[in-house]
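Here is the file protein36.cif (mmCIF, C-alpha atoms and all ligand atoms).
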```cif
data_data
#
loop_
_atom_site.label_atom_id
_atom_site.label_comp_id
_atom_site.auth_asym_id
_atom_site.auth_seq_id
_atom_site.Cartn_x
_atom_site.Cartn_y
_atom_site.Cartn_z
CA MET J 9 0.00 0.00 0.00
CA ARG J 10 1.14 3.58 -0.63
CA THR J 11 0.07 6.99 0.66
CA GLN J 12 1.50 10.49 0.92
CA VAL J 13 1.62 10.73 4.72
CA ALA J 14 1.65 7.69 7.03
CA ILE J 15 0.27 8.74 10.42
CA ILE J 16 0.94 6.49 13.40
CA GLY J 17 -1.64 6.76 16.19
CA ALA J 18 -5.29 7.85 16.37
CA GLY J 19 -5.04 10.04 19.46
CA PRO J 20 -5.85 13.73 19.15
CA ALA J 21 -2.53 14.44 17.37
CA GLY J 22 -2.87 11.80 14.63
CA LEU J 23 -6.59 12.36 14.09
CA LEU J 24 -6.33 16.13 13.81
CA LEU J 25 -3.31 15.91 11.49
CA SER J 26 -5.22 13.51 9.25
CA HIS J 27 -8.22 15.86 9.20
CA LEU J 28 -6.15 18.99 8.46
CA LEU J 29 -4.37 17.20 5.60
CA GLU J 30 -7.61 15.85 4.19
CA ARG J 31 -8.96 19.42 3.97
CA ARG J 32 -5.91 20.30 1.85
CA GLY J 33 -6.45 17.27 -0.42
CA ILE J 34 -3.39 15.44 0.93
CA ASP J 35 -3.66 11.68 1.13
CA ALA J 36 -2.93 9.99 4.47
CA VAL J 37 -3.50 6.70 6.29
CA VAL J 38 -3.78 6.54 10.08
CA LEU J 39 -2.56 3.30 11.68
CA GLU J 40 -3.86 2.74 15.22
CA SER J 41 -3.06 -0.30 17.35
CA ARG J 42 -6.23 -0.22 19.50
CA ASP J 43 -9.87 -0.57 18.47
CA ARG J 44 -12.21 2.37 17.92
CA ALA J 45 -14.18 1.90 21.15
CA HIS J 46 -10.99 1.99 23.21
CA CYS J 47 -9.81 5.22 21.54
CA GLU J 48 -13.20 6.86 22.12
CA ARG J 49 -13.38 5.84 25.80
CA ARG J 50 -9.98 6.80 27.27
CA GLN J 51 -10.62 9.45 29.94
CA ARG J 52 -7.98 12.15 29.86
CA ALA J 53 -7.74 15.88 29.30
CA GLY J 54 -10.53 18.40 29.42
CA MET J 55 -9.14 21.93 29.32
CA LEU J 56 -8.71 23.50 25.89
CA GLU J 57 -6.79 26.70 25.27
CA GLN J 58 -8.46 29.29 23.10
CA GLY J 59 -5.94 28.56 20.32
CA THR J 60 -6.97 24.88 20.36
CA VAL J 61 -10.66 25.80 20.08
CA ASP J 62 -9.83 28.22 17.23
CA VAL J 63 -7.98 25.50 15.30
CA LEU J 64 -10.78 22.93 15.74
CA ARG J 65 -13.42 25.47 14.75
CA ALA J 66 -11.48 26.65 11.66
CA ALA J 67 -11.02 23.00 10.66
CA GLY J 68 -14.78 22.38 10.71
CA ALA J 69 -14.51 20.20 13.82
CA GLY J 70 -16.05 22.69 16.25
CA GLU J 71 -19.78 22.19 15.83
CA ARG J 72 -20.45 20.05 18.95
CA LEU J 73 -17.62 21.79 20.80
CA ASP J 74 -19.42 25.12 20.28
CA ARG J 75 -22.70 23.60 21.50
CA GLU J 76 -21.46 21.59 24.48
CA GLY J 77 -18.13 23.16 25.49
CA LEU J 78 -18.14 25.29 28.64
CA THR J 79 -16.35 28.63 28.28
CA HIS J 80 -14.40 29.77 31.35
CA HIS J 81 -13.05 33.23 32.15
CA GLY J 82 -11.17 32.45 35.35
CA LEU J 83 -9.94 29.81 37.77
CA GLU J 84 -9.51 29.57 41.52
CA LEU J 85 -6.30 28.93 43.45
CA ARG J 86 -7.22 27.67 46.91
CA PHE J 87 -4.84 27.32 49.87
CA GLY J 88 -4.85 28.00 53.60
CA GLY J 89 -8.62 27.46 53.59
CA ALA J 90 -9.35 30.41 51.26
CA GLY J 91 -9.98 30.78 47.52
CA HIS J 92 -8.38 33.39 45.25
CA ARG J 93 -9.70 34.00 41.73
CA ILE J 94 -7.29 34.39 38.83
CA ALA J 95 -9.23 36.45 36.28
CA LEU J 96 -7.84 34.76 33.17
CA SER J 97 -9.78 36.82 30.62
CA GLU J 98 -9.23 40.16 32.30
CA LEU J 99 -5.50 39.52 32.54
CA THR J 100 -5.09 38.34 28.93
CA GLY J 101 -7.07 40.83 26.88
CA GLY J 102 -10.24 38.73 26.82
CA ARG J 103 -8.90 35.24 26.09
CA THR J 104 -10.88 32.27 27.42
CA VAL J 105 -10.46 28.53 27.97
CA THR J 106 -13.03 25.83 27.22
CA ILE J 107 -13.93 22.65 29.04
CA TYR J 108 -14.60 19.90 26.49
CA ALA J 109 -13.33 16.37 27.02
CA GLN J 110 -10.57 14.84 24.91
CA THR J 111 -12.81 11.80 24.41
CA GLU J 112 -15.33 14.04 22.65
CA ILE J 113 -12.69 15.61 20.37
CA VAL J 114 -11.55 12.10 19.44
CA LYS J 115 -15.14 11.02 18.68
CA ASP J 116 -15.77 14.17 16.58
CA LEU J 117 -12.59 13.70 14.53
CA ILE J 118 -13.21 9.98 13.95
CA ALA J 119 -16.76 10.79 12.80
CA LEU J 120 -15.39 13.34 10.28
CA SER J 121 -12.86 10.92 8.83
CA PRO J 122 -13.64 9.33 5.45
CA GLU J 123 -14.27 5.58 5.48
CA GLY J 124 -11.04 3.57 5.44
CA ARG J 125 -8.63 6.45 6.21
CA ILE J 126 -8.18 5.26 9.82
CA ARG J 127 -7.16 1.62 10.23
CA PHE J 128 -7.89 0.48 13.78
CA GLU J 129 -6.21 -2.61 15.25
CA ALA J 130 -3.21 -2.00 12.99
CA GLU J 131 -0.12 -2.00 15.18
CA VAL J 132 3.03 -0.38 13.81
CA LEU J 133 6.13 -2.43 14.53
CA GLU J 134 8.82 -0.52 12.69
CA VAL J 135 9.43 2.85 11.08
CA ASP J 136 12.05 3.39 8.39
CA PRO J 137 12.50 7.17 8.10
CA ALA J 138 14.81 6.89 5.07
CA SER J 139 12.76 4.85 2.55
CA PRO J 140 10.29 6.03 4.05
CA ARG J 141 8.15 3.05 5.08
CA VAL J 142 6.12 1.77 8.00
CA THR J 143 5.70 -1.92 8.86
CA TYR J 144 2.52 -2.91 10.70
CA ARG J 145 0.45 -5.91 11.70
CA GLU J 146 -3.24 -6.07 10.80
CA ASN J 147 -5.42 -9.16 11.36
CA GLY J 148 -2.27 -11.12 12.19
CA VAL J 149 -0.66 -10.26 8.82
CA LEU J 150 2.52 -8.17 8.41
CA ARG J 151 2.07 -5.34 5.91
CA THR J 152 4.04 -2.32 4.71
CA LEU J 153 2.90 1.20 3.99
CA ASP J 154 5.16 3.22 1.65
CA CYS J 155 4.86 6.99 1.86
CA ASP J 156 6.58 10.37 1.37
CA LEU J 157 6.49 11.34 5.06
CA VAL J 158 5.80 9.62 8.38
CA ALA J 159 4.09 11.42 11.28
CA GLY J 160 4.86 9.74 14.61
CA CYS J 161 1.74 10.58 16.67
CA ASP J 162 1.84 7.36 18.70
CA GLY J 163 2.05 8.80 22.20
CA PHE J 164 4.59 8.23 24.93
CA HIS J 165 4.58 4.41 24.62
CA GLY J 166 4.73 4.34 20.81
CA VAL J 167 7.47 3.05 18.51
CA SER J 168 8.30 6.03 16.29
CA ARG J 169 10.50 7.92 18.78
CA ALA J 170 13.00 5.02 18.71
CA ALA J 171 13.53 5.65 14.96
CA VAL J 172 15.27 8.97 15.68
CA PRO J 173 18.96 8.12 16.12
CA ARG J 174 21.20 9.98 18.58
CA ALA J 175 18.20 11.70 20.18
CA LYS J 176 18.78 13.69 23.34
CA VAL J 177 16.31 13.03 26.15
CA PHE J 178 15.50 15.45 28.97
CA GLU J 179 13.32 14.17 31.78
CA ARG J 180 12.14 14.61 35.32
CA ASP J 181 10.07 12.33 37.56
CA TYR J 182 7.97 13.70 40.39
CA PRO J 183 7.21 12.10 43.77
CA PHE J 184 3.49 12.46 42.96
CA ALA J 185 0.77 10.82 40.87
CA TRP J 186 -2.86 11.82 40.22
CA LEU J 187 -5.87 9.77 41.15
CA GLY J 188 -8.47 10.94 38.61
CA VAL J 189 -12.19 10.47 39.21
CA LEU J 190 -15.24 10.89 36.97
CA ALA J 191 -18.38 11.27 39.09
CA ASP J 192 -22.08 11.56 38.29
CA VAL J 193 -22.63 14.63 40.43
CA PRO J 194 -23.18 18.27 39.45
CA PRO J 195 -19.95 20.25 39.89
CA SER J 196 -19.65 22.10 43.21
CA THR J 197 -17.94 24.98 41.41
CA GLU J 198 -18.44 26.97 38.21
CA GLU J 199 -14.72 27.53 37.60
CA LEU J 200 -11.83 25.07 38.07
CA VAL J 201 -10.37 24.95 41.57
CA TYR J 202 -6.64 24.20 41.90
CA CYS J 203 -6.13 23.50 45.58
CA HIS J 204 -2.92 23.30 47.59
CA HIS J 205 -3.15 21.55 50.98
CA ASP J 206 -0.60 20.10 53.41
CA ARG J 207 -2.01 16.64 52.66
CA GLY J 208 -1.54 17.18 48.91
CA PHE J 209 -2.93 18.88 45.81
CA ALA J 210 -6.54 18.49 44.62
CA LEU J 211 -8.27 19.73 41.45
CA HIS J 212 -11.97 20.19 40.87
CA SER J 213 -12.80 20.21 37.16
CA LEU J 214 -16.00 19.36 35.34
CA ARG J 215 -17.37 17.76 32.23
CA SER J 216 -20.97 19.01 32.09
CA PRO J 217 -23.63 20.45 34.40
CA GLU J 218 -24.19 16.86 35.62
CA VAL J 219 -20.68 15.38 35.64
CA SER J 220 -17.65 16.34 37.77
CA ARG J 221 -14.00 15.52 37.12
CA LEU J 222 -11.78 15.51 40.20
CA TYR J 223 -8.13 14.74 40.85
CA LEU J 224 -6.16 14.01 44.03
CA GLN J 225 -2.39 14.01 44.49
CA VAL J 226 -1.34 10.53 45.66
CA SER J 227 2.05 8.86 45.91
CA PRO J 228 3.33 7.23 42.68
CA ASP J 229 3.23 3.71 44.17
CA GLU J 230 -0.35 4.07 45.41
CA GLU J 231 -2.77 1.17 44.66
CA LEU J 232 -6.24 1.98 43.33
CA ALA J 233 -7.63 -0.74 45.61
CA ALA J 234 -6.64 1.40 48.61
CA TRP J 235 -9.07 4.11 47.46
CA PRO J 236 -12.69 3.03 47.91
CA ASP J 237 -15.15 5.78 46.91
CA GLU J 238 -15.82 6.95 50.46
CA ARG J 239 -12.11 7.48 51.12
CA ILE J 240 -11.82 9.55 47.91
CA TRP J 241 -14.74 11.81 48.89
CA SER J 242 -13.49 12.18 52.43
CA GLU J 243 -9.98 13.15 51.26
CA LEU J 244 -11.40 15.59 48.70
CA ARG J 245 -13.60 17.20 51.40
CA THR J 246 -10.58 17.62 53.69
CA ARG J 247 -8.36 19.20 51.05
CA PHE J 248 -11.01 21.50 49.55
CA ALA J 249 -12.38 22.67 52.95
CA THR J 250 -12.50 26.44 53.37
CA ARG J 251 -12.87 28.61 56.45
CA ASP J 252 -16.22 29.87 55.12
CA GLY J 253 -17.71 26.37 54.93
CA TRP J 254 -17.72 25.60 51.15
CA THR J 255 -19.32 22.22 50.54
CA LEU J 256 -18.40 19.51 48.07
CA LYS J 257 -21.31 17.57 46.62
CA ASP J 258 -20.61 13.85 46.28
CA GLY J 259 -22.20 11.10 44.23
CA PRO J 260 -21.54 7.85 42.36
CA ILE J 261 -18.01 7.49 40.95
CA ARG J 262 -18.15 6.18 37.40
CA GLU J 263 -14.41 5.77 36.75
CA LYS J 264 -11.12 6.12 38.61
CA ALA J 265 -7.49 5.72 37.57
CA ILE J 266 -4.00 6.61 38.77
CA THR J 267 -1.63 8.44 36.40
CA PRO J 268 2.08 8.97 37.07
CA MET J 269 3.54 12.43 36.51
CA ARG J 270 6.60 13.14 34.47
CA SER J 271 8.29 15.71 32.28
CA PHE J 272 9.97 14.40 29.12
CA VAL J 273 11.36 15.96 25.94
CA THR J 274 13.20 14.28 23.09
CA GLU J 275 15.27 16.36 20.67
CA PRO J 276 15.15 16.70 17.73
CA MET J 277 11.54 16.07 16.76
CA ARG J 278 12.50 15.09 13.23
CA HIS J 279 14.77 12.57 11.53
CA ASP J 280 14.86 12.34 7.77
CA ASN J 281 11.23 11.91 6.66
CA LEU J 282 9.90 11.13 10.15
CA PHE J 283 8.27 13.90 12.20
CA LEU J 284 7.23 13.41 15.85
CA ALA J 285 4.20 15.21 17.28
CA GLY J 286 2.35 15.25 20.62
CA ASP J 287 3.11 12.87 23.47
CA ALA J 288 5.44 10.84 21.21
CA ALA J 289 7.93 13.71 21.56
CA HIS J 290 7.10 15.30 24.90
CA ILE J 291 5.20 14.76 28.14
CA VAL J 292 4.24 17.35 30.73
CA PRO J 293 2.78 16.80 34.20
CA PRO J 294 -0.96 17.57 33.87
CA THR J 295 -1.16 20.46 36.36
CA GLY J 296 -0.86 23.13 33.64
CA ALA J 297 -3.32 21.31 31.30
CA LYS J 298 -0.85 21.58 28.42
CA GLY J 299 -0.46 18.05 26.96
CA LEU J 300 -3.43 17.97 24.60
CA ASN J 301 -3.00 21.62 23.66
CA LEU J 302 0.64 21.05 22.78
CA ALA J 303 -0.31 18.04 20.64
CA VAL J 304 -2.83 20.21 18.73
CA SER J 305 -0.27 22.97 18.35
CA ASP J 306 2.36 20.51 16.98
CA VAL J 307 0.10 19.05 14.31
CA THR J 308 -1.28 22.43 13.29
CA ALA J 309 2.29 23.50 12.49
CA LEU J 310 3.11 20.14 10.91
CA ALA J 311 0.03 20.28 8.64
CA SER J 312 1.09 23.75 7.41
CA ALA J 313 4.62 22.51 6.77
CA ILE J 314 3.43 19.43 4.86
CA ALA J 315 0.98 21.53 2.83
CA ALA J 316 3.78 23.97 1.90
CA ARG J 317 5.81 21.06 0.58
CA TYR J 318 3.01 19.70 -1.64
CA GLU J 319 1.45 23.01 -2.67
CA GLU J 320 4.51 25.24 -3.09
CA GLY J 321 7.29 22.67 -3.33
CA SER J 322 8.96 24.32 -0.33
CA SER J 323 10.52 22.26 2.46
CA ALA J 324 11.53 25.30 4.53
CA LEU J 325 8.75 24.84 7.11
CA LEU J 326 9.45 21.11 7.41
CA ASP J 327 13.14 21.88 7.90
CA GLY J 328 12.32 24.38 10.64
CA TYR J 329 9.65 22.21 12.29
CA SER J 330 11.72 20.71 15.10
CA SER J 331 13.44 23.87 16.29
CA ALA J 332 10.25 25.97 16.06
CA ARG J 333 8.22 23.37 17.98
CA LEU J 334 10.87 22.88 20.66
CA ARG J 335 10.72 26.56 21.59
CA ARG J 336 6.99 26.20 22.24
CA VAL J 337 7.43 22.81 23.92
CA TRP J 338 9.96 24.16 26.42
CA ARG J 339 7.66 27.05 27.36
CA ALA J 340 4.93 24.53 28.16
CA GLU J 341 7.45 22.30 29.97
CA HIS J 342 8.51 25.17 32.18
CA PHE J 343 4.95 26.30 32.93
CA SER J 344 3.82 22.73 33.73
CA TYR J 345 6.81 22.20 36.04
CA TRP J 346 6.14 25.56 37.69
CA MET J 347 2.42 24.87 38.29
CA THR J 348 3.24 21.38 39.58
CA THR J 349 5.84 22.48 42.10
CA LEU J 350 3.77 25.51 43.10
CA LEU J 351 0.68 23.46 43.94
CA HIS J 352 1.75 19.95 45.05
CA THR J 353 3.01 18.99 48.49
CA ASP J 354 6.42 17.39 48.49
CA HIS J 355 6.34 15.48 51.76
CA SER J 356 10.14 15.16 51.70
CA ALA J 357 10.69 18.94 51.45
CA ASP J 358 12.17 20.71 54.47
CA ALA J 359 10.46 23.51 56.41
CA PHE J 360 12.37 26.21 54.51
CA ALA J 361 11.15 24.92 51.14
CA ARG J 362 7.56 24.74 52.45
CA ARG J 363 7.70 28.39 53.59
CA LEU J 364 9.07 29.44 50.18
CA GLN J 365 6.22 27.60 48.46
CA LEU J 366 3.58 29.36 50.56
CA SER J 367 5.22 32.73 49.91
CA HIS J 368 5.17 31.95 46.18
CA LEU J 369 1.45 31.09 46.30
CA GLU J 370 0.68 34.30 48.22
CA TYR J 371 2.64 36.27 45.63
CA VAL J 372 0.78 34.74 42.65
CA VAL J 373 -2.60 35.70 44.11
CA SER J 374 -1.62 39.16 45.33
CA SER J 375 0.56 40.51 42.49
CA LYS J 376 -1.04 41.41 39.17
CA ALA J 377 2.29 40.77 37.41
CA ALA J 378 2.58 37.24 38.85
CA ALA J 379 -1.09 36.43 38.19
CA THR J 380 -0.68 37.65 34.60
CA THR J 381 2.26 35.28 34.10
CA LEU J 382 0.08 32.39 35.22
CA ALA J 383 -2.88 33.56 33.13
CA GLU J 384 -1.04 34.12 29.83
CA ASN J 385 0.65 30.73 30.00
CA TYR J 386 -2.56 28.96 31.09
CA VAL J 387 -4.75 30.37 28.29
CA GLY J 388 -1.85 29.66 25.92
CA PHE J 389 -0.30 31.34 22.94
CA ALA J 390 -1.80 31.33 19.42
CA HIS J 391 -1.06 28.20 17.39
CA ASP J 392 0.66 28.59 14.01
CA GLY J 393 -2.35 28.40 11.71
CA PRO J 394 -2.61 26.04 8.75
P1 LIG J 401 -2.16 9.80 22.61
O1 LIG J 401 -3.47 10.36 23.00
O2 LIG J 401 -1.42 8.97 23.60
O3 LIG J 401 -2.41 8.93 21.29
C1 LIG J 401 -1.44 8.04 20.76
C2 LIG J 401 -2.14 6.93 19.99
O4 LIG J 401 -1.17 6.11 19.37
C3 LIG J 401 -2.96 6.03 20.88
O5 LIG J 401 -4.26 5.90 20.37
C4 LIG J 401 -2.20 4.72 20.86
O6 LIG J 401 -3.06 3.58 21.01
C5 LIG J 401 -1.54 4.77 19.50
N1 LIG J 401 -0.34 3.93 19.38
C6 LIG J 401 0.66 3.76 20.28
N2 LIG J 401 1.59 2.92 19.81
C7 LIG J 401 1.17 2.54 18.56
C8 LIG J 401 1.71 1.67 17.57
N3 LIG J 401 2.86 1.00 17.76
N4 LIG J 401 1.03 1.50 16.41
C9 LIG J 401 -0.15 2.17 16.21
N5 LIG J 401 -0.71 3.00 17.13
C10 LIG J 401 -0.05 3.18 18.28
N6 LIG J 401 -3.68 17.66 28.38
C11 LIG J 401 -4.26 18.90 28.29
O7 LIG J 401 -3.92 19.64 27.37
N7 LIG J 401 -5.19 19.34 29.16
C12 LIG J 401 -5.58 18.59 30.20
O8 LIG J 401 -6.48 19.00 30.95
C13 LIG J 401 -4.96 17.29 30.38
N8 LIG J 401 -5.30 16.49 31.41
C14 LIG J 401 -4.82 15.21 31.45
C15 LIG J 401 -5.25 14.40 32.47
C16 LIG J 401 -4.78 13.08 32.54
C17 LIG J 401 -5.26 12.21 33.69
C18 LIG J 401 -3.88 12.58 31.54
C19 LIG J 401 -3.38 11.15 31.58
C20 LIG J 401 -3.45 13.40 30.52
C21 LIG J 401 -3.90 14.71 30.46
N9 LIG J 401 -3.50 15.55 29.44
C22 LIG J 401 -4.02 16.84 29.39
C23 LIG J 401 -2.55 15.09 28.41
C24 LIG J 401 -3.24 14.62 27.11
O9 LIG J 401 -4.23 13.66 27.39
C25 LIG J 401 -2.19 14.05 26.15
O10 LIG J 401 -1.16 14.99 26.02
C26 LIG J 401 -2.79 13.72 24.76
O11 LIG J 401 -3.53 12.53 24.81
C27 LIG J 401 -1.69 13.57 23.69
O12 LIG J 401 -2.25 13.18 22.46
P2 LIG J 401 -1.42 12.32 21.42
O13 LIG J 401 -2.33 12.14 20.25
O14 LIG J 401 -0.08 12.91 21.23
O15 LIG J 401 -1.16 10.92 22.14
C1 LIG J 402 -8.41 18.88 33.57
C2 LIG J 402 -7.19 18.26 33.63
C3 LIG J 402 -6.07 19.01 33.97
O1 LIG J 402 -4.87 18.43 34.00
C4 LIG J 402 -6.18 20.36 34.26
O2 LIG J 402 -5.08 21.05 34.61
C5 LIG J 402 -7.41 20.97 34.18
C6 LIG J 402 -8.54 20.23 33.82
C7 LIG J 402 -9.61 18.08 33.21
O3 LIG J 402 -9.46 16.88 32.96
O4 LIG J 402 -10.71 18.64 33.18
#
```

When written as structure tokens, how does the structure in this file appear?
Amino acid sequence: MRTQVAIIGAGPAGLLLSHLLERRGIDAVVLESRDRAHCERRQRAGMLEQGTVDVLRAAGAGERLDREGLTHHGLELRFGGAGHRIALSELTGGRTVTIYAQTEIVKDLIALSPEGRIRFEAEVLEVDPASPRVTYRENGVLRTLDCDLVAGCDGFHGVSRAAVPRAKVFERDYPFAWLGVLADVPPSTEELVYCHHDRGFALHSLRSPEVSRLYLQVSPDEELAAWPDERIWSELRTRFATRDGWTLKDGPIREKAITPMRSFVTEPMRHDNLFLAGDAAHIVPPTGAKGLNLAVSDVTALASAIAARYEEGSSALLDGYSSARLRRVWRAEHFSYWMTTLLHTDHSADAFARRLQLSHLEYVVSSKAAATTLAENYVGFAHDGP
């Protein structure tokens, strides 16, 4: 089989790249190891930067997002039993963020894809960036896909990153993980609450007027079995408690999972005809809500670069892809690291470090300059349009 662009992975990065290329009349095949139901079910991100919403809307993938997405103008930082609003829109010239689940973006993009363009249950085993060619297994049979370019959008555990020789890796592990919960209970807040507490960080997010999304900092070796629903609600109540008696509504927990936290960047993001995008090239801890947004930003730039090659015969954008992306990636890496260390409780930290952390939190909520730094990074910078 032959195509112009072989895309590995049907996560948000691979699906959006395929869609953007299709709109430019560029042929692509998406190879995805899992089945469609699995891809549409995986609970993950929910906070979209304005630039991400703009890209999806401009690509004709924003219809349900516009109907069901929840627009937010601020968030709350809570610590010491009191909440402090960060007025995101006011501090960023009117920019907003939108709550719309990654699962829904994935469903929308799969629904827009022409029949046969995405091949589910097709696991890529090997990438040859020079030929270029991808070897995969479908229905137990080994097949090859010849192409002009390969887009490695296969996430952190994919195979494409290994095809970049002499790559430099930068990484950091954290002594924290997140226990994420999806609960059938109306949110107890209208805006997201990022909460710092001596016992650990907690986040109150939402999915709809009826469904809440909550996260608790736990230790990385924590077992899910140690967290029956009542313990989760009790711990959330303790961490979110305020001096003015805010109450957390509880209800049936539909799903729970523990996710480790890490920072990871591989450089460069290109070798020969292979281009990495999204989690295949970089991971951030989720506190800054940057992972999905960075994946969208990568493939928006990659789609423009690929289009320039086919439409104008110019490879300049493809040649500049890795260095341009890495500048944006490192900004998100720094912000995600900053939000994580600002808000989590490192139980091994000494008393001096704890006092510094509290002073930092006080500063962010009392200085317009510091709050603006948080706000402009959180709402994100414009993506390079296709
Ligand atoms: P993925 O979504 O991982 O997709 C990769 C795809 O490749 C998968 O479908 C996989 O099955 C497939 N694949 C892997 N190997 C192969 C192979 N060999 N052959 C074929 N296919 C293969 N980000 C935000 O921006 N905002 C948030 O609020 C946020 N919250 C998060 C909360 C949690 C709990 C977690 C875990 C993540 C969160 N993220 C958030 C991060 C975000 O979910 C990821 O950054 C995003 O999924 C990256 O998309 P991707 O397409 O690059 O990779
Ligand atoms: C969500 C996840 C995040 O990591 C975050 O920072 C904000 C919101 C969410 O899943 O809704």

Scan for residues within 12 Å of the point (5.9, -0.2, 6.5) in the coordinates of the file, using only C-alpha atoms, and reply as a ChimeraX atom specification. /J:9-11,13-16,37,39,130-146,150-158,168

Skip Val292 (chain J) itself and residues of its chain fewer than 5 positions away, then list as number ranges by chain all residues within 10 Å of it, counting all atoms listed in the file. J: 179-180, 269-273, 287, 297-300, 302, 337-338, 340-345, 348

When the cut-off is 10 Å and you count all atoms listed in the file, which residues lie near ligand LIG 402 (chain J), shown as number ranges by chain? J: 51-56, 83, 106-110, 186, 188-190, 200-202, 211-215, 220-223, 292-300, 344, 347-348, 386

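Take CA of Trp254 (chain J) and CA of Ala90 (chain J): the distance between them is 9.7 Å.
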
Residues near Arg42 (chain J), anyone? I mean within 10 Å using only C-alpha atoms, not counting same-chain ones fewer than 6 positions away, as an NGL selection string. :J and (17-18 or 127-131)

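The nearest approach to ligand LIG 401 (chain J) among the residues J:Arg103, J:His81, J:His205, J:Lys264, with all atoms listed in the file taken into account, belongs to J:Lys264.
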